[in-house]
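The next block is work_23.csv, given as CSV, C-alpha atoms.
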```
chain,number,residue,atom,x,y,z
A,723,MET,CA,-55.8,-68.1,-118.0
A,724,LYS,CA,-56.9,-67.9,-114.4
A,725,LEU,CA,-60.6,-67.0,-114.1
A,726,THR,CA,-62.6,-65.7,-111.2
A,727,ASP,CA,-65.8,-67.5,-110.1
A,728,GLU,CA,-67.8,-64.7,-111.8
A,729,GLU,CA,-65.9,-65.2,-115.0
A,730,ARG,CA,-66.3,-68.9,-114.9
A,731,ALA,CA,-70.0,-68.4,-114.4
A,732,MET,CA,-70.1,-66.1,-117.5
A,733,LEU,CA,-68.2,-68.7,-119.5
A,734,ALA,CA,-70.8,-71.3,-118.5
A,735,GLY,CA,-73.6,-69.1,-119.8
A,736,GLU,CA,-75.1,-68.3,-116.4
A,737,ALA,CA,-75.1,-64.6,-117.3
A,738,GLY,CA,-76.5,-65.1,-120.7
A,739,ARG,CA,-75.3,-66.0,-124.1
A,740,ALA,CA,-73.9,-62.6,-125.1
A,741,ARG,CA,-71.5,-62.7,-122.1
A,742,ARG,CA,-70.5,-66.3,-122.8
A,743,ILE,CA,-69.7,-65.4,-126.4
A,744,ALA,CA,-67.8,-62.3,-125.3
A,745,LEU,CA,-65.7,-64.2,-122.7
A,746,GLU,CA,-64.9,-67.0,-125.1
A,747,HIS,CA,-63.6,-64.3,-127.5
A,748,GLN,CA,-61.5,-62.7,-124.7
A,749,LEU,CA,-60.0,-66.0,-123.7
A,750,LYS,CA,-58.8,-66.5,-127.2
A,751,VAL,CA,-57.2,-63.1,-127.3
A,752,GLY,CA,-55.8,-63.4,-123.8
A,753,ASN,CA,-54.3,-66.9,-124.4
A,754,PHE,CA,-52.7,-65.7,-127.7
A,755,LEU,CA,-51.1,-62.7,-126.0
A,756,GLY,CA,-50.0,-64.5,-122.9
A,757,ALA,CA,-52.4,-62.8,-120.4
A,758,ALA,CA,-52.4,-64.5,-117.0
A,759,ASP,CA,-55.9,-63.3,-116.1
A,760,MET,CA,-58.5,-60.7,-116.6
A,761,VAL,CA,-58.5,-57.1,-115.4
A,762,PRO,CA,-61.7,-55.2,-114.5
A,763,VAL,CA,-62.4,-52.2,-116.8
A,764,THR,CA,-64.5,-49.2,-116.1
A,765,GLN,CA,-65.5,-48.4,-119.7
A,766,ALA,CA,-65.0,-49.5,-123.3
A,767,HIS,CA,-64.7,-47.6,-126.6
A,768,VAL,CA,-65.8,-49.3,-129.8
A,769,MET,CA,-64.6,-48.6,-133.4
A,770,ALA,CA,-68.0,-48.3,-135.0
A,771,ASP,CA,-67.7,-47.1,-138.6
A,772,THR,CA,-69.4,-49.4,-141.1
A,773,GLU,CA,-66.6,-49.2,-143.6
A,774,SER,CA,-64.6,-51.2,-141.1
A,775,LEU,CA,-67.5,-53.3,-139.8
A,776,GLY,CA,-68.8,-54.3,-143.2
A,777,GLU,CA,-71.8,-56.6,-143.6
A,778,ALA,CA,-70.2,-59.4,-141.5
A,779,GLY,CA,-69.5,-57.1,-138.6
A,780,ILE,CA,-73.0,-55.6,-138.6
A,781,ALA,CA,-74.5,-59.1,-138.8
A,782,TRP,CA,-72.5,-60.2,-135.8
A,783,LEU,CA,-73.7,-57.1,-133.8
A,784,GLU,CA,-77.3,-57.8,-134.9
A,785,ALA,CA,-77.0,-61.4,-133.7
A,786,LEU,CA,-76.0,-60.1,-130.2
A,787,ALA,CA,-78.7,-57.5,-130.3
A,788,ALA,CA,-81.4,-60.2,-131.1
A,789,LEU,CA,-80.7,-61.9,-127.8
A,790,PRO,CA,-83.0,-61.3,-124.8
A,791,ALA,CA,-82.5,-57.8,-123.3
A,792,ALA,CA,-81.4,-59.1,-119.9
A,793,GLU,CA,-78.5,-61.0,-121.6
A,794,ARG,CA,-77.2,-58.4,-124.0
A,795,ARG,CA,-76.8,-55.1,-122.1
A,796,VAL,CA,-73.3,-53.9,-121.6
A,797,ARG,CA,-72.1,-53.9,-118.0
A,798,VAL,CA,-69.8,-50.8,-118.1
A,799,PRO,CA,-70.3,-47.6,-120.0
A,800,THR,CA,-69.5,-48.3,-123.6
A,801,ILE,CA,-69.0,-45.5,-126.1
A,802,THR,CA,-68.3,-45.3,-129.8
A,803,ASP,CA,-65.7,-43.9,-132.2
A,804,PRO,CA,-66.8,-41.8,-135.2
A,805,ARG,CA,-69.4,-43.1,-137.6
A,806,GLY,CA,-69.0,-43.2,-141.4
A,807,THR,CA,-71.4,-40.3,-142.1
A,808,ASP,CA,-73.1,-37.2,-140.8
A,809,PHE,CA,-76.7,-38.0,-141.8
A,810,GLU,CA,-77.6,-34.4,-142.3
A,811,ARG,CA,-74.9,-33.8,-144.9
A,812,ALA,CA,-74.4,-37.3,-146.4
A,813,HIS,CA,-75.9,-36.4,-149.7
A,814,ASP,CA,-73.9,-33.2,-149.9
A,815,LEU,CA,-70.8,-35.5,-149.7
A,816,ARG,CA,-72.4,-37.7,-152.4
A,817,GLN,CA,-72.4,-40.7,-150.0
A,818,GLN,CA,-74.8,-43.4,-151.3
A,819,ASP,CA,-78.0,-44.7,-149.7
A,820,TRP,CA,-76.5,-48.1,-149.1
A,821,MET,CA,-73.9,-46.6,-146.8
A,822,LEU,CA,-76.5,-44.8,-144.8
A,823,ALA,CA,-78.5,-48.0,-144.5
A,824,LEU,CA,-75.5,-49.8,-143.0
A,825,GLU,CA,-75.0,-47.0,-140.6
A,826,ARG,CA,-78.6,-47.2,-139.4
A,827,ARG,CA,-78.4,-50.9,-138.9
A,828,ALA,CA,-75.2,-50.6,-136.9
A,829,ILE,CA,-76.7,-47.9,-134.7
A,830,ALA,CA,-79.8,-49.9,-134.0
A,831,ALA,CA,-77.7,-52.9,-132.9
A,832,PHE,CA,-75.4,-50.9,-130.7
A,833,GLN,CA,-78.3,-49.1,-129.0
A,834,ALA,CA,-79.9,-52.5,-128.3
A,835,LEU,CA,-76.7,-53.5,-126.5
A,836,GLY,CA,-76.9,-50.3,-124.4
A,837,VAL,CA,-73.9,-48.7,-126.1
A,838,LEU,CA,-73.8,-44.9,-125.8
A,839,MET,CA,-73.5,-43.5,-129.4
A,840,THR,CA,-71.0,-40.8,-128.7
A,841,ASP,CA,-69.4,-41.0,-132.2
A,842,THR,CA,-66.1,-39.4,-131.2
A,843,CYS,CA,-62.4,-40.0,-131.3
A,844,ILE,CA,-61.8,-37.2,-128.8
A,845,ASN,CA,-63.8,-38.5,-125.8
A,846,TYR,CA,-60.9,-37.5,-123.6
A,847,GLN,CA,-61.8,-33.9,-124.5
A,848,THR,CA,-65.6,-34.3,-124.3
A,849,ILE,CA,-66.9,-37.2,-122.3
A,850,MET,CA,-65.6,-39.6,-119.5
A,851,PRO,CA,-61.9,-38.9,-119.8
A,852,PRO,CA,-60.2,-41.7,-117.8
A,853,VAL,CA,-57.9,-40.9,-114.9
A,854,ARG,CA,-54.4,-42.2,-114.0
A,855,GLY,CA,-54.3,-45.9,-113.3
A,856,GLU,CA,-57.9,-46.5,-114.6
A,857,HIS,CA,-58.1,-49.7,-116.7
A,858,VAL,CA,-60.2,-49.3,-119.8
A,859,ALA,CA,-60.8,-51.1,-123.1
A,860,TYR,CA,-60.4,-48.6,-125.9
A,861,GLY,CA,-60.3,-49.1,-129.7
A,862,ASP,CA,-59.3,-45.9,-131.5
A,863,THR,CA,-55.5,-45.5,-131.7
A,864,GLY,CA,-55.6,-41.8,-131.0
A,865,VAL,CA,-57.9,-42.3,-128.0
A,866,VAL,CA,-55.6,-45.1,-126.6
A,867,ILE,CA,-52.3,-43.2,-127.0
A,868,TYR,CA,-53.8,-40.0,-125.4
A,869,SER,CA,-55.4,-41.8,-122.6
A,870,ASN,CA,-52.4,-44.0,-121.8
A,871,SER,CA,-49.8,-41.2,-122.2
A,872,VAL,CA,-51.4,-37.9,-121.2
A,873,LEU,CA,-54.0,-39.2,-118.7
A,874,GLY,CA,-52.1,-42.2,-117.4
A,875,ALA,CA,-54.9,-44.6,-117.9
A,876,ARG,CA,-54.3,-48.2,-119.1
A,877,SER,CA,-55.5,-49.7,-122.3
A,878,ASN,CA,-54.3,-51.7,-125.3
A,879,PHE,CA,-55.6,-51.3,-128.8
A,880,GLU,CA,-58.9,-53.2,-128.6
A,881,GLY,CA,-60.4,-54.5,-131.9
A,882,GLY,CA,-64.1,-54.0,-132.4
A,883,PRO,CA,-65.2,-57.4,-131.1
A,884,SER,CA,-62.8,-57.1,-128.2
A,885,ALA,CA,-64.1,-53.7,-127.2
A,886,VAL,CA,-67.7,-54.9,-127.4
A,887,SER,CA,-66.8,-58.0,-125.4
A,888,ALA,CA,-65.2,-55.8,-122.7
A,889,GLY,CA,-68.4,-53.8,-122.5
A,890,LEU,CA,-70.4,-57.0,-122.0
A,891,THR,CA,-68.1,-58.6,-119.4
A,892,GLY,CA,-66.6,-55.5,-117.7
A,893,ARG,CA,-63.1,-56.8,-118.1
A,894,THR,CA,-60.3,-57.4,-120.6
A,895,PRO,CA,-57.3,-59.7,-120.7
A,896,ARG,CA,-54.4,-58.4,-118.5
A,897,TYR,CA,-51.5,-58.0,-120.9
A,898,GLY,CA,-49.5,-55.2,-122.5
A,899,TYR,CA,-50.1,-51.7,-121.2
A,900,HIS,CA,-52.3,-52.9,-118.3
A,901,LEU,CA,-49.0,-54.1,-116.8
A,902,SER,CA,-46.7,-51.6,-115.0
A,903,GLU,CA,-43.5,-53.2,-116.4
A,904,MET,CA,-44.7,-52.7,-120.0
A,905,ARG,CA,-45.1,-49.0,-119.5
A,906,ARG,CA,-41.4,-48.1,-118.9
A,907,ALA,CA,-39.8,-46.3,-121.8
A,908,THR,CA,-37.7,-48.4,-124.2
A,909,LEU,CA,-36.0,-45.5,-126.0
A,910,HIS,CA,-35.2,-41.9,-125.3
A,911,ILE,CA,-35.8,-39.2,-127.9
A,912,ALA,CA,-34.3,-35.7,-127.2
A,913,VAL,CA,-35.6,-32.6,-129.0
A,914,ASP,CA,-33.8,-29.3,-129.6
A,915,TRP,CA,-36.9,-27.4,-130.8
A,916,THR,CA,-40.4,-27.2,-129.5
A,917,PRO,CA,-43.3,-26.9,-132.0
A,918,ARG,CA,-46.0,-24.2,-131.8
A,919,ARG,CA,-48.6,-25.0,-134.5
A,920,LEU,CA,-50.7,-28.2,-134.5
A,921,ASP,CA,-49.3,-29.4,-137.8
A,922,GLU,CA,-45.8,-29.1,-136.4
A,923,TRP,CA,-46.7,-31.1,-133.3
A,924,GLY,CA,-48.2,-33.7,-135.7
A,925,ALA,CA,-45.0,-33.8,-137.7
A,926,LEU,CA,-42.9,-34.3,-134.6
A,927,GLY,CA,-45.2,-37.1,-133.6
A,928,ALA,CA,-44.7,-38.7,-137.0
A,929,LEU,CA,-40.9,-38.6,-136.5
A,930,VAL,CA,-41.2,-40.2,-133.1
A,931,GLY,CA,-43.6,-42.9,-134.5
A,932,ARG,CA,-41.3,-43.7,-137.4
A,933,THR,CA,-38.3,-43.9,-135.1
A,934,ALA,CA,-40.1,-46.2,-132.7
A,935,GLY,CA,-41.9,-48.2,-135.4
A,936,ASN,CA,-43.3,-50.9,-133.1
A,937,TYR,CA,-46.4,-51.3,-130.9
A,938,TRP,CA,-44.3,-52.5,-128.0
A,939,THR,CA,-41.9,-49.6,-128.2
A,940,VAL,CA,-42.4,-46.8,-125.6
A,941,PRO,CA,-40.5,-43.6,-126.3
A,942,VAL,CA,-39.8,-40.9,-123.7
A,943,ILE,CA,-39.3,-37.4,-125.1
A,944,SER,CA,-37.1,-34.8,-123.4
A,945,GLY,CA,-36.0,-31.3,-124.1
A,946,LEU,CA,-39.3,-29.5,-124.7
A,947,ASP,CA,-39.1,-25.8,-123.6
A,948,ARG,CA,-42.8,-25.5,-122.8
A,949,VAL,CA,-45.8,-27.7,-121.9
A,950,PRO,CA,-48.0,-28.5,-124.9
A,951,GLY,CA,-51.8,-28.0,-124.6
A,952,SER,CA,-54.4,-30.7,-125.1
A,953,ASP,CA,-54.8,-30.1,-128.9
A,954,ALA,CA,-51.1,-30.2,-129.4
A,955,LEU,CA,-50.8,-33.5,-127.5
A,956,LYS,CA,-53.8,-34.8,-129.4
A,957,HIS,CA,-52.1,-34.2,-132.8
A,958,PHE,CA,-48.7,-35.4,-131.6
A,959,GLY,CA,-50.2,-38.7,-130.2
A,960,ALA,CA,-52.5,-39.3,-133.2
A,961,ALA,CA,-49.5,-39.0,-135.6
A,962,ALA,CA,-47.2,-41.1,-133.4
A,963,ALA,CA,-49.9,-43.9,-133.3
A,964,SER,CA,-50.5,-43.6,-137.1
A,965,PHE,CA,-46.8,-43.6,-138.2
A,966,GLY,CA,-45.5,-46.0,-135.6
A,967,SER,CA,-48.4,-48.0,-134.1
A,968,LEU,CA,-47.5,-46.5,-130.7
A,969,ALA,CA,-49.9,-46.9,-127.8
A,970,LEU,CA,-47.9,-45.0,-125.2
A,971,PHE,CA,-45.3,-42.2,-124.9
A,972,HIS,CA,-43.9,-40.2,-122.1
A,973,MET,CA,-42.8,-36.5,-122.1
A,974,VAL,CA,-40.5,-35.5,-119.3
A,975,GLY,CA,-42.2,-33.0,-117.0
A,976,VAL,CA,-45.5,-33.2,-119.0
A,977,THR,CA,-47.1,-36.7,-118.8
A,978,PRO,CA,-48.0,-38.1,-115.4
A,979,GLU,CA,-45.7,-41.1,-115.3
A,980,ALA,CA,-42.5,-39.2,-116.3
A,981,GLU,CA,-42.0,-36.2,-113.9
A,982,ARG,CA,-38.3,-36.9,-114.4
A,983,LEU,CA,-36.5,-39.0,-117.0
A,984,ALA,CA,-35.4,-41.4,-114.3
A,985,ASP,CA,-39.0,-42.3,-113.6
A,986,VAL,CA,-39.3,-44.2,-116.8
A,987,PHE,CA,-35.8,-44.6,-118.3
A,988,ASP,CA,-32.1,-45.0,-117.3
A,989,PRO,CA,-30.8,-41.4,-117.5
A,990,LYS,CA,-27.2,-42.7,-117.9
A,991,GLN,CA,-28.1,-44.0,-121.3
A,992,PRO,CA,-27.6,-41.5,-124.2
A,993,PRO,CA,-30.7,-40.5,-126.3
A,994,THR,CA,-31.5,-43.0,-129.1
A,995,ALA,CA,-32.4,-40.1,-131.5
A,996,ARG,CA,-32.4,-36.4,-131.5
A,997,PHE,CA,-34.8,-34.1,-133.5
A,998,GLY,CA,-34.7,-30.4,-134.2
A,999,GLU,CA,-36.7,-27.9,-136.3
A,1000,ALA,CA,-34.9,-29.0,-139.5
A,1001,ASP,CA,-36.2,-32.6,-139.0
A,1002,VAL,CA,-39.7,-31.4,-138.5
A,1003,ARG,CA,-39.5,-29.2,-141.6
A,1004,ALA,CA,-38.2,-32.1,-143.6
A,1005,LEU,CA,-41.1,-34.3,-142.6
A,1006,GLN,CA,-43.5,-31.5,-143.5
A,1007,ALA,CA,-41.8,-31.0,-146.9
A,1008,SER,CA,-42.3,-34.6,-147.8
A,1009,TYR,CA,-46.0,-33.9,-147.8
A,1010,THR,CA,-46.0,-30.5,-149.5
A,1011,GLY,CA,-46.8,-29.5,-153.1
A,1012,ASP,CA,-46.0,-25.8,-153.3
A,1013,GLY,CA,-47.9,-24.3,-156.2
A,1014,ASP,CA,-50.1,-27.4,-156.6
A,1015,ASP,CA,-53.9,-27.0,-157.1
A,1016,VAL,CA,-56.0,-28.3,-154.3
A,1017,ASP,CA,-59.3,-30.1,-154.7
A,1018,LEU,CA,-60.3,-30.3,-151.0
A,1019,VAL,CA,-59.4,-29.1,-147.5
A,1020,VAL,CA,-60.1,-31.4,-144.5
A,1021,PHE,CA,-59.8,-30.7,-140.8
A,1022,SER,CA,-60.3,-34.2,-139.3
A,1023,ALA,CA,-58.5,-37.1,-137.7
A,1024,PRO,CA,-58.7,-36.3,-134.9
A,1025,GLN,CA,-62.0,-34.4,-134.6
A,1026,LEU,CA,-61.8,-30.7,-133.8
A,1027,SER,CA,-62.0,-29.4,-130.2
A,1028,LEU,CA,-64.1,-26.4,-129.4
A,1029,VAL,CA,-60.9,-24.4,-129.2
A,1030,GLU,CA,-59.9,-25.5,-132.7
A,1031,MET,CA,-63.4,-24.7,-134.0
A,1032,ASP,CA,-63.1,-21.2,-132.5
A,1033,GLY,CA,-59.7,-20.7,-134.1
A,1034,LEU,CA,-61.0,-21.9,-137.5
A,1035,ALA,CA,-64.0,-19.5,-137.3
A,1036,SER,CA,-61.6,-16.6,-136.7
A,1037,LEU,CA,-59.6,-17.6,-139.8
A,1038,CYS,CA,-62.7,-17.9,-141.8
A,1039,ASP,CA,-64.3,-14.5,-141.1
A,1040,GLY,CA,-64.9,-12.5,-144.3
A,1041,ARG,CA,-63.7,-15.1,-146.7
A,1042,ARG,CA,-65.3,-17.2,-149.4
A,1043,PHE,CA,-63.8,-20.5,-150.5
A,1044,LYS,CA,-63.7,-21.9,-154.0
A,1045,VAL,CA,-62.4,-25.3,-152.8
A,1046,PRO,CA,-64.6,-27.5,-150.5
A,1047,VAL,CA,-63.6,-27.3,-146.9
A,1048,LEU,CA,-64.8,-29.9,-144.4
A,1049,ALA,CA,-64.5,-29.2,-140.7
A,1050,ILE,CA,-65.3,-32.3,-138.6
A,1051,THR,CA,-66.1,-32.2,-134.9
A,1052,SER,CA,-67.8,-34.4,-132.3
A,1053,PRO,CA,-71.5,-34.5,-131.5
A,1054,GLN,CA,-70.7,-33.2,-128.1
A,1055,ILE,CA,-68.9,-30.1,-129.4
A,1056,LYS,CA,-71.1,-29.3,-132.4
A,1057,PRO,CA,-74.1,-27.9,-130.3
A,1058,ASP,CA,-71.7,-25.6,-128.5
A,1059,ALA,CA,-70.2,-24.5,-131.8
A,1060,ASP,CA,-73.8,-23.8,-133.0
A,1061,ARG,CA,-74.7,-21.9,-129.9
A,1062,MET,CA,-71.6,-19.8,-130.0
A,1063,GLY,CA,-72.1,-18.9,-133.7
A,1064,LEU,CA,-68.9,-20.7,-134.7
A,1065,THR,CA,-70.7,-23.0,-137.1
A,1066,ALA,CA,-72.5,-20.1,-138.9
A,1067,ARG,CA,-69.2,-18.2,-139.3
A,1068,ILE,CA,-67.4,-21.2,-140.7
A,1069,GLU,CA,-70.2,-22.1,-143.1
A,1070,ALA,CA,-70.7,-18.6,-144.3
A,1071,THR,CA,-67.5,-19.2,-146.3
A,1072,GLY,CA,-69.1,-22.2,-148.1
A,1073,ALA,CA,-67.4,-24.7,-145.8
A,1074,MET,CA,-69.2,-27.6,-144.2
A,1075,VAL,CA,-69.2,-28.4,-140.5
A,1076,LEU,CA,-69.7,-32.1,-140.0
A,1077,SER,CA,-70.4,-34.0,-136.8
A,1078,GLY,CA,-69.9,-37.5,-135.5
A,1079,MET,CA,-67.8,-38.8,-138.4
A,1080,CYS,CA,-64.2,-39.0,-139.4
A,1081,PHE,CA,-63.1,-38.4,-143.0
A,1082,TYR,CA,-61.0,-41.5,-143.7
A,1083,GLN,CA,-63.6,-43.8,-142.1
A,1084,SER,CA,-66.4,-42.4,-144.3
A,1085,TYR,CA,-65.9,-44.2,-147.6
A,1086,ALA,CA,-63.2,-41.7,-148.6
A,1087,ARG,CA,-62.3,-43.5,-151.8
A,1088,GLU,CA,-66.0,-43.5,-153.0
A,1089,MET,CA,-66.3,-39.9,-152.0
A,1090,ALA,CA,-63.2,-39.0,-154.0
A,1091,GLU,CA,-64.5,-40.8,-157.1
A,1092,ALA,CA,-68.0,-39.2,-156.8
A,1093,ASN,CA,-66.7,-35.6,-156.2
A,1094,GLY,CA,-63.5,-35.6,-158.3
A,1095,TRP,CA,-61.3,-35.1,-155.3
A,1096,ARG,CA,-57.6,-36.1,-155.3
A,1097,ARG,CA,-55.3,-33.3,-154.0
A,1098,LEU,CA,-56.2,-32.9,-150.3
A,1099,ALA,CA,-54.7,-30.3,-147.9
A,1100,THR,CA,-54.9,-30.7,-144.1
A,1101,ASN,CA,-53.2,-29.8,-140.9
A,1102,SER,CA,-53.4,-33.4,-139.6
A,1103,ALA,CA,-50.2,-35.4,-139.9
A,1104,LYS,CA,-52.3,-38.5,-139.1
A,1105,LEU,CA,-54.6,-37.9,-142.0
A,1106,VAL,CA,-51.8,-37.4,-144.5
A,1107,ASN,CA,-50.3,-40.7,-143.5
A,1108,ILE,CA,-53.5,-42.6,-144.0
A,1109,ILE,CA,-55.4,-40.9,-146.8
A,1110,GLY,CA,-52.9,-41.7,-149.6
A,1111,GLY,CA,-54.1,-45.3,-149.3
A,1112,TYR,CA,-57.6,-44.1,-150.4
A,1113,GLY,CA,-56.2,-42.6,-153.7
A,1114,TYR,CA,-55.5,-39.0,-152.5
A,1115,ALA,CA,-52.4,-37.0,-152.9
A,1116,PRO,CA,-52.1,-35.4,-149.4
A,1117,ARG,CA,-50.5,-32.1,-148.4
A,1118,LEU,CA,-49.6,-31.1,-144.8
A,1119,ALA,CA,-49.8,-27.4,-143.9
A,1120,SER,CA,-50.9,-25.1,-141.2
A,1121,MET,CA,-54.6,-24.4,-140.8
A,1122,ALA,CA,-54.1,-20.9,-142.1
A,1123,ALA,CA,-52.2,-22.1,-145.2
A,1124,CYS,CA,-54.9,-24.7,-145.8
A,1125,LEU,CA,-57.6,-22.0,-145.8
A,1126,ASP,CA,-55.5,-19.8,-148.1
A,1127,ALA,CA,-55.4,-22.7,-150.5
A,1128,ALA,CA,-59.2,-23.1,-150.2
A,1129,GLU,CA,-59.6,-19.5,-151.1
A,1130,SER,CA,-57.2,-19.4,-154.0
A,1131,GLY,CA,-57.4,-23.0,-155.2
A,1132,ARG,CA,-53.7,-23.4,-154.9
A,1133,LEU,CA,-51.3,-24.3,-152.1
A,1134,ALA,CA,-48.7,-21.5,-151.8
```

Would you write out, as structure tokens, the structure that this file holds?
Amino acid sequence: MKLTDEERAMLAGEAGRARRIALEHQLKVGNFLGAADMVPVTQAHVMADTESLGEAGIAWLEALAALPAAERRVRVPTITDPRGTDFERAHDLRQQDWMLALERRAIAAFQALGVLMTDTCINYQTIMPPVRGEHVAYGDTGVVIYSNSVLGARSNFEGGPSAVSAGLTGRTPRYGYHLSEMRRATLHIAVDWTPRRLDEWGALGALVGRTAGNYWTVPVISGLDRVPGSDALKHFGAAAASFGSLALFHMVGVTPEAERLADVFDPKQPPTARFGEADVRALQASYTGDGDDVDLVVFSAPQLSLVEMDGLASLCDGRRFKVPVLAITSPQIKPDADRMGLTARIEATGAMVLSGMCFYQSYAREMAEANGWRRLATNSAKLVNIIGGYGYAPRLASMAACLDAAESGRLA
């Protein structure tokens, strides 16, 4: 890889050991993926949950944090993905003390590196959303696909060490979606029906992800009869990334790089696939259990926006749930929800509002065993795709249907 004078100085250790370690790592990644050089980035986003980090990952962070302060501080704003717990409610979830101890060690190490502990997978709705053409180094798949697609920023999926390294060096290998030629659509998906509810948008994203099925595939979607809002695009993108490993999509007339189909794809080619309402309903039906008992309702993955919290509060008014309900939002939104009385209205039902965590990154299997949870209802297509791997039987339904199940104990 071609290096600048500044990068060669970092590699030689002139900017401290932490930056030398970081650049050595980035060179291995860049050479493996065929990067010609580095690209400067304005910010980084680190996957930070301890279930993923483990003891080895935390020890690596602690080794960096033990270096002299002048050597270890990140050079660009560096933020974090959700943690593995909400410390105020951890024991309500029956999380164990050793989990909390790992979290505290990770937090201390990140803070020593100058990382901002934002603990969110929806930073694009809360803090420092990137703009079109901005090169960033993001880790969370939902963050990457939203930032690439909806905002027009440029990032690959960065593993934890790679995102930390980008924070320390202020650059990342220039490959993949940092390159204009890689951002053109490679298949065209036409839709004959436009979703309305968030679970429907997630189901459509799942269909698109399954059809694409490859990180390097870039779908363009045409045929929508209205512009989806931020939460709809959030659920669509999170599901597409989960079901298909996608990092970028285009929507004709919606996303910034595809004002017209011809901007990203040859309009003379016929659509690769076509989806309608029946296809979306079939995807949803594959995750339903009409008449099944429900052990748990979770709204998470991605974290809830303030608008979603407001909608949830309205659906909760005057109800009392017999099944545990977990509503998970970001630390930036939780204080606003508290101030507006949304948290109190939701928790008056017996539900819990959690902050700064994500359900499937929070020792979900251990929580299931400790609480006797198995049958989980959610409106997140991303979550139903993931949580089965932790021993749950997931059900996909609207937010209203999930709350009806929480009240009756059974999914209608």

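Going from atom CA of A:Phe754 to atom CA of A:Arg896 covers 11.9 Å.
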
Practice task
For atom CA of A:Asp1001 and atom CA of A:Leu946, quote the distance in Å rounded to one decimal.
Solution key: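 Separation between atom CA of A:Asp1001 and atom CA of A:Leu946: 15.0 Å.
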
Exercise for the section: Show which residues sit within 10 Å of A:Val940, as a PyMOL selection string. Count all atoms listed in the file, and ignore same-chain residues fewer than 4 positions away. Expected result: chain A and resi 871+904-910+931+934-936+968-972+986

For the residues selected in the previous step, produce a file with C-alpha atoms as an mmCIF file, in the coordinates of the input.
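Result file is result_20.cif:
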```cif
data_model
loop_
_atom_site.group_PDB
_atom_site.id
_atom_site.type_symbol
_atom_site.label_atom_id
_atom_site.label_comp_id
_atom_site.auth_asym_id
_atom_site.auth_seq_id
_atom_site.Cartn_x
_atom_site.Cartn_y
_atom_site.Cartn_z
ATOM 1 C CA SER A 871 -49.800 -41.200 -122.200
ATOM 2 C CA MET A 904 -44.700 -52.700 -120.000
ATOM 3 C CA ARG A 905 -45.100 -49.000 -119.500
ATOM 4 C CA ARG A 906 -41.400 -48.100 -118.900
ATOM 5 C CA ALA A 907 -39.800 -46.300 -121.800
ATOM 6 C CA THR A 908 -37.700 -48.400 -124.200
ATOM 7 C CA LEU A 909 -36.000 -45.500 -126.000
ATOM 8 C CA HIS A 910 -35.200 -41.900 -125.300
ATOM 9 C CA GLY A 931 -43.600 -42.900 -134.500
ATOM 10 C CA ALA A 934 -40.100 -46.200 -132.700
ATOM 11 C CA GLY A 935 -41.900 -48.200 -135.400
ATOM 12 C CA ASN A 936 -43.300 -50.900 -133.100
ATOM 13 C CA LEU A 968 -47.500 -46.500 -130.700
ATOM 14 C CA ALA A 969 -49.900 -46.900 -127.800
ATOM 15 C CA LEU A 970 -47.900 -45.000 -125.200
ATOM 16 C CA PHE A 971 -45.300 -42.200 -124.900
ATOM 17 C CA HIS A 972 -43.900 -40.200 -122.100
ATOM 18 C CA VAL A 986 -39.300 -44.200 -116.800
#
```

Practice task
One decimal, Å: what's the distance from atom CA of A:Gln765 over to atom CA of A:Glu981, could you say?
Solution key: 27.1 Å

Problem - Minimum-distance residue to A:Tyr1009, chosen among A:Met1062, A:Ala995, A:Val1106, A:Leu1125 (using only C-alpha atoms) - result: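 That would be A:Val1106, the residue with the smallest distance to A:Tyr1009.
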
Handout entry: Best match for closeness to A:Trp820 among A:Leu873, A:Leu789, A:Glu777, A:Ser1008, counting all atoms listed in the file
Key =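 Ranked by minimum distance to A:Trp820, first place goes to A:Glu777.
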
Exercise for the section: Would you mind listing what lies within 12 Å of A:Thr1071 as JSON, numbers by chain, with all atoms listed in the file counted and same-chain residues fewer than 2 positions away left out? Expected result: {"A": [1034, 1035, 1036, 1037, 1038, 1039, 1040, 1041, 1042, 1043, 1044, 1045, 1046, 1047, 1048, 1049, 1064, 1065, 1066, 1067, 1068, 1069, 1073, 1074, 1075, 1125, 1128, 1129]}

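Considering the residues A:Met1121, A:Cys1080, A:Pro978, A:Leu824 and counting all atoms listed in the file, A:Met1031 has its shortest atom-to-atom contact with A:Met1121.
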
Tell me, as a compact mmCIF listing (two decimals) with C-alpha atoms, in the coordinates of the input, which residues lie within 6 Å of A:Gly892, counting only C-alpha atoms; anything in the same chain fewer than 6 positions away does not count.
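What follows is the written file result_25.txt:
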```txt
# COMPACT_ATOMS: atom_id res chain seq x y z
CA PRO A 762 -61.70 -55.20 -114.50
CA VAL A 763 -62.40 -52.20 -116.80
CA ARG A 797 -72.10 -53.90 -118.00
CA VAL A 798 -69.80 -50.80 -118.10
```

Practice task
Considering all atoms listed in the file, state which residue in the set A:Leu775, A:Val761, A:Met1079, A:Ala963 is at the smallest distance from A:Thr840.
Solution key: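 Distance minimum relative to A:Thr840 lands on A:Met1079.
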
Exercise for the section: Give the answer as one residue: which of A:Leu920, A:Leu901, A:Ala1070, A:Val768 has the shortest atom-to-atom distance to A:Ser884, using all atoms listed in the file? Expected result: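 Among the listed residues, A:Val768 lies closest to A:Ser884.
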
Exercise for the section: Around the point (-66.2, -31.9, -134.9), in the coordinates given by the file, pick out the residues reaching within 12 Å, counting only C-alpha atoms, and return them as a PyMOL selection string. Expected result: chain A and resi 804-805+808+840-845+847-848+1020-1032+1034+1048-1060+1064-1065+1074-1081
